[in-house]
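Engineer: Sharing model24.cif, mmCIF, C-alpha atoms and all ligand atoms:
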```cif
data_target
loop_
_atom_site.label_atom_id
_atom_site.label_comp_id
_atom_site.auth_asym_id
_atom_site.auth_seq_id
_atom_site.Cartn_x
_atom_site.Cartn_y
_atom_site.Cartn_z
CA MET A 76 69.72 58.49 29.37
CA ALA A 77 69.19 58.79 33.12
CA VAL A 78 66.27 56.80 34.47
CA ARG A 79 64.17 58.58 37.06
CA PRO A 80 63.71 57.05 40.53
CA PHE A 81 60.98 54.37 40.71
CA ALA A 82 60.57 54.24 36.91
CA VAL A 83 59.22 50.79 36.12
CA GLY A 84 61.41 48.56 33.96
CA ILE A 85 61.77 44.86 33.21
CA MET A 86 64.41 42.16 33.53
CA LEU A 87 65.21 40.48 30.22
CA GLY A 88 66.23 36.84 30.32
CA VAL A 89 69.81 35.61 30.24
CA HIS A 90 70.88 34.09 26.88
CA GLN A 91 67.81 35.49 25.06
CA ASP A 92 67.99 37.05 21.62
CA PRO A 93 68.17 40.85 22.12
CA ARG A 94 65.79 41.40 19.18
CA GLY A 95 63.05 39.58 21.11
CA SER A 96 64.06 41.41 24.30
CA VAL A 97 63.62 44.85 22.79
CA GLU A 98 60.18 43.79 21.47
CA LYS A 99 59.25 42.72 25.00
CA CYS A 100 60.13 46.19 26.31
CA LYS A 101 57.83 47.75 23.72
CA LYS A 102 54.95 45.36 24.53
CA VAL A 103 55.20 46.00 28.27
CA GLY A 104 55.71 49.72 27.63
CA VAL A 105 58.85 50.46 29.67
CA ASN A 106 61.69 52.92 29.10
CA ASN A 107 64.35 50.95 31.02
CA ALA A 108 65.48 47.36 31.45
CA GLN A 109 68.11 45.08 32.89
CA LEU A 110 69.48 43.01 30.04
CA GLY A 111 70.45 39.40 30.67
CA VAL A 112 73.67 38.62 28.84
CA PRO A 113 72.72 37.58 25.28
CA PRO A 114 74.04 34.47 23.48
CA ASP A 115 77.81 34.46 22.83
CA GLU A 116 77.58 35.45 19.16
CA TRP A 117 76.37 38.92 20.30
CA LEU A 118 79.35 39.51 22.60
CA THR A 119 81.38 41.44 20.04
CA LEU A 120 81.93 45.14 19.46
CA GLU A 121 79.53 45.02 16.49
CA GLY A 122 77.03 43.13 18.65
CA ALA A 123 77.29 45.81 21.35
CA ARG A 124 76.71 48.57 18.80
CA GLU A 125 73.74 46.75 17.29
CA VAL A 126 72.08 46.09 20.67
CA LYS A 127 72.64 49.70 21.72
CA ARG A 128 71.15 50.94 18.46
CA MET A 129 68.04 48.75 18.85
CA PHE A 130 67.42 49.81 22.45
CA ASP A 131 68.12 53.50 21.71
CA GLU A 132 65.68 53.38 18.83
CA ALA A 133 63.01 51.91 21.14
CA GLY A 134 63.75 54.59 23.77
CA VAL A 135 64.81 51.97 26.33
CA THR A 136 67.78 52.55 28.65
CA ILE A 137 69.73 49.44 29.65
CA THR A 138 70.45 50.00 33.35
CA THR A 139 72.40 46.79 34.04
CA VAL A 140 73.78 43.82 32.15
CA PHE A 141 73.04 40.70 34.16
CA CYS A 142 75.57 37.86 34.00
CA GLY A 143 74.55 34.24 33.67
CA PHE A 144 76.73 31.23 33.02
CA GLU A 145 76.66 27.95 31.14
CA GLY A 146 75.77 25.09 33.49
CA GLU A 147 73.80 27.10 36.07
CA ARG A 148 70.60 25.39 37.18
CA TYR A 149 67.90 26.41 39.60
CA ASP A 150 65.97 23.11 40.07
CA ASP A 151 66.30 22.93 43.84
CA ILE A 152 68.56 24.32 46.56
CA PRO A 153 71.31 21.62 46.41
CA THR A 154 71.49 22.08 42.61
CA VAL A 155 71.79 25.86 42.96
CA ARG A 156 74.50 25.34 45.57
CA ARG A 157 76.41 23.05 43.18
CA THR A 158 76.00 25.01 39.94
CA VAL A 159 75.38 28.74 40.45
CA GLY A 160 77.78 31.67 40.45
CA TYR A 161 81.41 31.90 41.51
CA VAL A 162 81.33 29.52 44.48
CA PRO A 163 81.71 26.17 42.60
CA GLU A 164 85.45 25.71 42.23
CA GLU A 165 85.59 23.85 38.90
CA THR A 166 83.91 26.67 36.96
CA ARG A 167 85.14 29.69 38.93
CA GLU A 168 88.02 30.82 36.74
CA GLU A 169 86.07 30.42 33.52
CA ARG A 170 83.16 32.41 34.99
CA VAL A 171 85.39 35.22 36.24
CA ARG A 172 86.86 35.45 32.74
CA LYS A 173 83.36 35.49 31.26
CA THR A 174 82.29 38.21 33.71
CA LEU A 175 85.14 40.46 32.60
CA GLN A 176 84.17 39.82 28.97
CA ILE A 177 80.55 40.76 29.78
CA ALA A 178 81.82 43.89 31.56
CA GLU A 179 83.75 44.93 28.43
CA TRP A 180 80.67 44.33 26.33
CA ALA A 181 78.45 46.37 28.68
CA TYR A 182 81.06 49.14 28.72
CA ALA A 183 81.07 49.24 24.91
CA MET A 184 77.35 50.05 25.10
CA GLY A 185 77.92 52.71 27.76
CA VAL A 186 76.31 50.56 30.48
CA LYS A 187 78.20 51.03 33.73
CA ARG A 188 76.68 48.28 35.82
CA ILE A 189 76.77 44.50 35.80
CA ALA A 190 75.19 42.10 38.28
CA ALA A 191 75.09 38.39 39.07
CA HIS A 192 74.14 35.73 41.54
CA PHE A 193 77.38 35.17 43.43
CA GLY A 194 76.17 31.74 44.56
CA PHE A 195 75.87 30.54 48.15
CA ILE A 196 78.32 32.71 50.07
CA PRO A 197 79.29 30.65 53.14
CA GLU A 198 77.37 31.80 56.25
CA ASP A 199 80.35 30.80 58.39
CA PRO A 200 83.34 33.15 57.87
CA THR A 201 85.74 30.40 58.98
CA ASP A 202 84.51 28.18 56.12
CA ILE A 203 87.60 27.40 54.04
CA ARG A 204 85.84 28.66 50.88
CA TYR A 205 85.01 32.09 52.33
CA PRO A 206 88.34 33.90 51.75
CA VAL A 207 88.32 32.63 48.15
CA CYS A 208 84.87 34.18 47.67
CA VAL A 209 86.12 37.51 49.03
CA GLU A 210 89.21 37.39 46.81
CA THR A 211 87.17 36.50 43.70
CA MET A 212 84.79 39.40 44.29
CA ARG A 213 87.72 41.80 44.77
CA ARG A 214 89.29 40.74 41.46
CA ILE A 215 86.06 41.49 39.61
CA CYS A 216 85.51 44.84 41.40
CA ASP A 217 89.11 45.91 40.81
CA TYR A 218 88.73 45.23 37.11
CA LEU A 219 85.54 47.31 36.96
CA LEU A 220 86.71 50.26 39.06
CA PRO A 221 88.93 52.10 36.50
CA LYS A 222 86.04 51.84 34.02
CA GLY A 223 83.75 53.60 36.50
CA MET A 224 81.65 50.43 36.68
CA THR A 225 79.80 48.82 39.58
CA PHE A 226 78.82 45.25 40.44
CA GLY A 227 75.42 44.36 41.93
CA LEU A 228 75.14 41.28 44.10
CA GLU A 229 71.78 39.63 43.54
CA THR A 230 70.22 38.77 46.90
CA GLY A 231 68.55 35.58 47.97
CA GLN A 232 70.98 32.77 48.59
CA GLU A 233 72.33 34.19 51.83
CA THR A 234 70.98 36.06 54.84
CA ALA A 235 71.19 39.84 55.14
CA ASP A 236 73.86 39.48 57.83
CA THR A 237 76.08 37.33 55.61
CA LEU A 238 75.63 39.75 52.75
CA LEU A 239 76.62 42.70 54.96
CA ARG A 240 79.69 40.87 56.23
CA PHE A 241 80.69 39.98 52.67
CA LEU A 242 80.36 43.61 51.50
CA ARG A 243 82.46 44.74 54.43
CA ASP A 244 85.13 42.05 53.94
CA VAL A 245 85.43 42.69 50.18
CA GLY A 246 85.74 46.38 50.99
CA ARG A 247 85.27 47.78 47.49
CA LYS A 248 83.17 50.89 46.97
CA ASN A 249 81.91 49.74 43.56
CA LEU A 250 80.26 46.65 45.09
CA ASN A 251 76.58 46.98 46.03
CA ILE A 252 73.27 45.14 45.96
CA ASN A 253 70.56 44.24 43.47
CA PHE A 254 67.80 43.42 45.96
CA ASP A 255 65.35 40.67 44.96
CA PRO A 256 62.75 40.31 47.74
CA ALA A 257 61.20 37.15 46.28
CA ASN A 258 64.51 35.29 46.36
CA MET A 259 64.75 35.76 50.13
CA ILE A 260 61.43 33.88 50.33
CA LEU A 261 62.09 31.29 47.58
CA TYR A 262 65.38 30.29 49.25
CA GLY A 263 63.94 30.60 52.75
CA THR A 264 66.72 33.00 53.82
CA GLY A 265 64.65 35.50 55.80
CA ASP A 266 61.91 38.12 55.76
CA PRO A 267 62.69 40.34 52.76
CA ILE A 268 61.48 43.58 54.33
CA ASP A 269 63.60 43.08 57.46
CA ALA A 270 66.53 42.22 55.18
CA LEU A 271 65.95 45.32 53.05
CA LYS A 272 66.03 47.54 56.13
CA LYS A 273 69.38 45.97 57.13
CA VAL A 274 71.14 46.25 53.78
CA GLY A 275 69.22 49.27 52.43
CA LYS A 276 72.11 51.68 52.10
CA PHE A 277 73.84 49.31 49.65
CA VAL A 278 70.77 48.77 47.45
CA VAL A 279 71.20 50.40 44.04
CA SER A 280 68.77 48.30 42.00
CA VAL A 281 65.89 45.92 42.74
CA HIS A 282 63.89 43.10 41.19
CA CYS A 283 60.16 43.37 41.70
CA LYS A 284 59.27 39.71 41.96
CA ASP A 285 56.97 37.75 44.25
CA GLY A 286 56.99 34.25 45.69
CA LYS A 287 55.75 31.81 48.28
CA TRP A 288 57.81 30.17 51.01
CA PRO A 289 59.16 26.66 50.39
CA THR A 290 57.08 23.86 51.90
CA GLN A 291 59.70 21.06 51.66
CA PRO A 292 63.32 20.96 52.79
CA ASP A 293 65.83 21.64 49.96
CA GLN A 294 63.06 22.77 47.59
CA LEU A 295 62.70 26.33 46.36
CA GLY A 296 59.45 28.14 47.01
CA GLU A 297 57.12 29.00 44.15
CA GLU A 298 57.48 32.19 42.12
CA VAL A 299 54.06 33.82 41.49
CA PRO A 300 52.78 36.98 39.73
CA LEU A 301 53.61 40.22 41.51
CA GLY A 302 51.17 40.95 44.33
CA GLU A 303 50.09 37.31 44.75
CA GLY A 304 52.94 36.08 46.93
CA ASP A 305 54.37 36.57 50.41
CA VAL A 306 56.66 39.58 49.73
CA GLY A 307 54.06 42.21 50.59
CA ILE A 308 54.90 44.34 47.57
CA ASP A 309 53.18 47.42 49.05
CA ARG A 310 55.44 47.20 52.11
CA PHE A 311 58.40 46.67 49.80
CA ILE A 312 57.70 49.90 47.87
CA ALA A 313 56.98 51.82 51.08
CA THR A 314 60.28 50.63 52.59
CA LEU A 315 62.24 51.60 49.47
CA LYS A 316 60.71 55.08 49.64
CA ARG A 317 61.53 55.40 53.32
CA LEU A 318 65.13 54.37 52.63
CA GLY A 319 65.46 57.09 49.99
CA TYR A 320 66.00 54.56 47.20
CA LYS A 321 66.80 56.27 43.87
CA GLY A 322 66.85 53.44 41.33
CA PRO A 323 64.25 51.96 38.97
CA LEU A 324 61.75 49.18 39.79
CA THR A 325 62.74 46.25 37.59
CA ILE A 326 60.00 43.65 37.18
CA GLU A 327 61.29 40.08 37.02
CA ARG A 328 58.99 37.22 36.05
CA GLU A 329 60.77 33.91 35.48
CA VAL A 330 58.17 31.98 33.49
CA PRO A 331 57.80 31.21 29.77
CA ASP A 332 55.91 33.61 27.51
CA PRO A 333 52.93 33.34 27.73
CA PRO A 334 52.16 34.31 30.46
CA GLN A 335 55.36 36.36 31.05
CA THR A 336 54.51 39.49 29.04
CA ASP A 337 50.93 39.68 30.37
CA ASP A 338 52.14 39.22 33.94
CA MET A 339 54.68 42.01 33.40
CA ILE A 340 52.01 44.37 32.05
CA LYS A 341 49.85 43.71 35.14
CA ALA A 342 52.87 44.10 37.44
CA LYS A 343 53.67 47.45 35.84
CA ALA A 344 50.16 48.76 36.51
CA LEU A 345 50.33 47.51 40.10
CA LEU A 346 53.72 49.13 40.72
CA GLU A 347 52.73 52.44 39.20
CA SER A 348 49.62 52.63 41.37
CA LEU A 349 51.64 51.71 44.48
CA VAL A 350 54.32 54.29 43.74
CA LYS A 351 51.63 56.94 43.36
CA SER A 352 49.64 55.98 46.45
CA THR A 353 52.44 55.17 48.90
CA LYS A 354 52.99 58.04 51.27
CA VAL A 355 56.26 58.30 53.13
CA LYS A 356 55.73 59.16 56.77
CA ALA A 357 57.92 61.98 58.05
CA ARG A 358 60.65 60.66 60.31
MG MG B 1 66.22 38.36 40.60
#
```
Give the structure from this file in structure tokens form.
Structural biologist:
Amino acid sequence: MAVRPFAVGIMLGVHQDPRGSVEKCKKVGVNNAQLGVPPDEWLTLEGAREVKRMFDEAGVTITTVFCGFEGERYDDIPTVRRTVGYVPEETREERVRKTLQIAEWAYAMGVKRIAAHFGFIPEDPTDIRYPVCVETMRRICDYLLPKGMTFGLETGQETADTLLRFLRDVGRKNLNINFDPANMILYGTGDPIDALKKVGKFVVSVHCKDGKWPTQPDQLGEEVPLGEGDVGIDRFIATLKRLGYKGPLTIEREVPDPPQTDDMIKAKALLESLVKSTKVKAR
């Protein structure tokens, strides 16, 4: 089922039971969602069929399967640097293998897009780890390409310029961006609206999330309900419209439930009113 541009959806947590996830979609009242990869016991052909059946029955289209890996932690910036994505060397091969397994699982459900945090891509292209990052990303993209699948890089841990250079250096047409404006703030990597303007043509999906800038070195900023942080969510929607963005608006709220579901319901109302009221000035 195609999802219309700017349709509001939600991000469902990594390693959550899909039965609870589909209930969450019903409570928030959305017709599309990004599904965090469920626990391993679901990653079978039968599991794929069962999850597809549940979501179809609820009238919810899964737009993306989001990868997450054992051992990733988001406590503070040094911990993220050490544990997240494909950059840490000790876990890289295992995580690439897991990514391809997740891709097969998504494909079995007819979902043609996966996404992940790559980890801290080195800002300096002469960093000895940089070519390995490029090569790792190519391997994943090349696996996905014959399946007609794409990979979304979650933003936040690097600047817009580094992200653009990485996309260019990887040079694969099925690599693009899942833009999370709050992450740019939480990680202190740059103004999200300026970043969105720079990378806009690669943005295929977004997370609607809000946050406040970090106040201490090495600490992440604070994630807050949509509309209460420093993103400027009205400017974010207006910029997406101006860029001709065609994807859904996926609400992400990374807190326990409660208050997660209630915050998502409020965020949905806010987004729908902004989408309706935001006029795009003629260029
Ligand atoms: Mg996100």
Engineer: Which residues are near ligand MG 1 (chain B) in this structure, taking near to mean any atom at most 7 Å from a ligand atom and counting all atoms listed in the file? Format them as a compact mmCIF listing (two decimals) with C-alpha atoms, keeping the file's coordinate frame.
Structural biologist:
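Result file follows (pocket_35.txt):
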```
# COMPACT_ATOMS: atom_id res chain seq x y z
CA GLU A 229 71.78 39.63 43.54
CA ASP A 255 65.35 40.67 44.96
CA ASN A 258 64.51 35.29 46.36
CA HIS A 282 63.89 43.10 41.19
CA GLU A 327 61.29 40.08 37.02
```
Engineer: Calculate how many Å separate CA of Ser280 in chain A from CA of Phe226 in chain A, rounding to one decimal.
Structural biologist: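 Computing the Euclidean distance for CA of Ser280 in chain A and CA of Phe226 in chain A yields 10.6 Å.
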Engineer: Neighbourhood query: residues within 12 Å of (80.4, 38.3, 38.0), file coordinates, counting only C-alpha atoms; return as a VMD selection string.
Structural biologist: chain A and resid 112 140 to 144 159 to 162 167 to 178 188 to 194 208 211 to 219 225 to 229 250
Engineer: Range 125-138 of chain A: which residues within 8 Å, counting all atoms listed in the file, same-chain residues fewer than 3 positions away excluded, as a list in words?
Structural biologist: Met76, Ala77, Val78, Pro93, Arg94, Val97, Cys100, Lys101, Val105, Asn106, Asn107, Ala108, Gln109, Leu110, Glu121, Gly122, Met184, Val186, Lys187 and Arg188 of chain A
Engineer: For a quick check of understanding, using all atoms listed in the file, which of A:Gly246, A:Gly322, A:Gly231, A:Pro300 has the smallest distance to Glu210 in chain A?
Structural biologist: A:Gly246
Engineer: Rounded to one decimal in Å, what is the spacing between CA of Glu297 in chain A and CA of Pro267 in chain A?
Structural biologist: 15.3 Å
Engineer: When you draw a straight line from CA of Ile152 in chain A to CA of Pro333 in chain A, how long is it in Å?
Structural biologist: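 CA of Pro333 in chain A lies at a distance of 26.1 Å from CA of Ile152 in chain A.
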Engineer: Looking at A:Ile203, A:Tyr182, A:Asp332, A:Gln294, which one is nearest to Arg124 in chain A, with distances taken over only C-alpha atoms?
Structural biologist: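 Once distances to Arg124 in chain A are computed over only C-alpha atoms, the minimum belongs to A:Tyr182.
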Engineer: Taking (54.5, 46.2, 29.3) in the file's own coordinates, collect the residues within 10 Å, counting only C-alpha atoms, and hand them back as a PyMOL selection string.
Structural biologist: chain A and resi 83-85+98-106+326+336-344
Engineer: Which one is closest to Val355 in chain A: A:Lys287, A:Arg247, A:Arg328, A:Arg310? Count only C-alpha atoms.
Structural biologist: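 Ranked by minimum distance to Val355 in chain A, first place goes to A:Arg310.
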Engineer: List as a ChimeraX atom specification the protein and nucleic acid residues near Gly302 in chain A, meaning an atom at most 9 Å away when only C-alpha atoms are counted, but skip any in the same chain fewer than 6 places from it.
Structural biologist: /A:284-286,308-309,342,345
Engineer: Find, counting only C-alpha atoms, the residue in A:Thr237, A:Asn249, A:Gln91, A:Arg317 that gets nearest to Gly275 in chain A.
Structural biologist: A:Arg317
Engineer: Excluding Phe81 in chain A and any residue of its chain fewer than 3 positions from it, enumerate the residues within 8 Å of it, using all atoms listed in the file, and give them as a PyMOL selection string.
Structural biologist: chain A and resi 321-324+350
Engineer: Rank nothing, just name the residue among A:Asp236, A:Asp305, A:Glu145, A:Asp115 nearest to Thr158 in chain A, using only C-alpha atoms.
Structural biologist: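 So, comparing all the options, the nearest one is A:Glu145.
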Engineer: Which is closest to Val89 in chain A among A:Gly111, A:Thr139, A:Ser352, A:Asp244, if we use all atoms listed in the file?
Structural biologist: A:Gly111
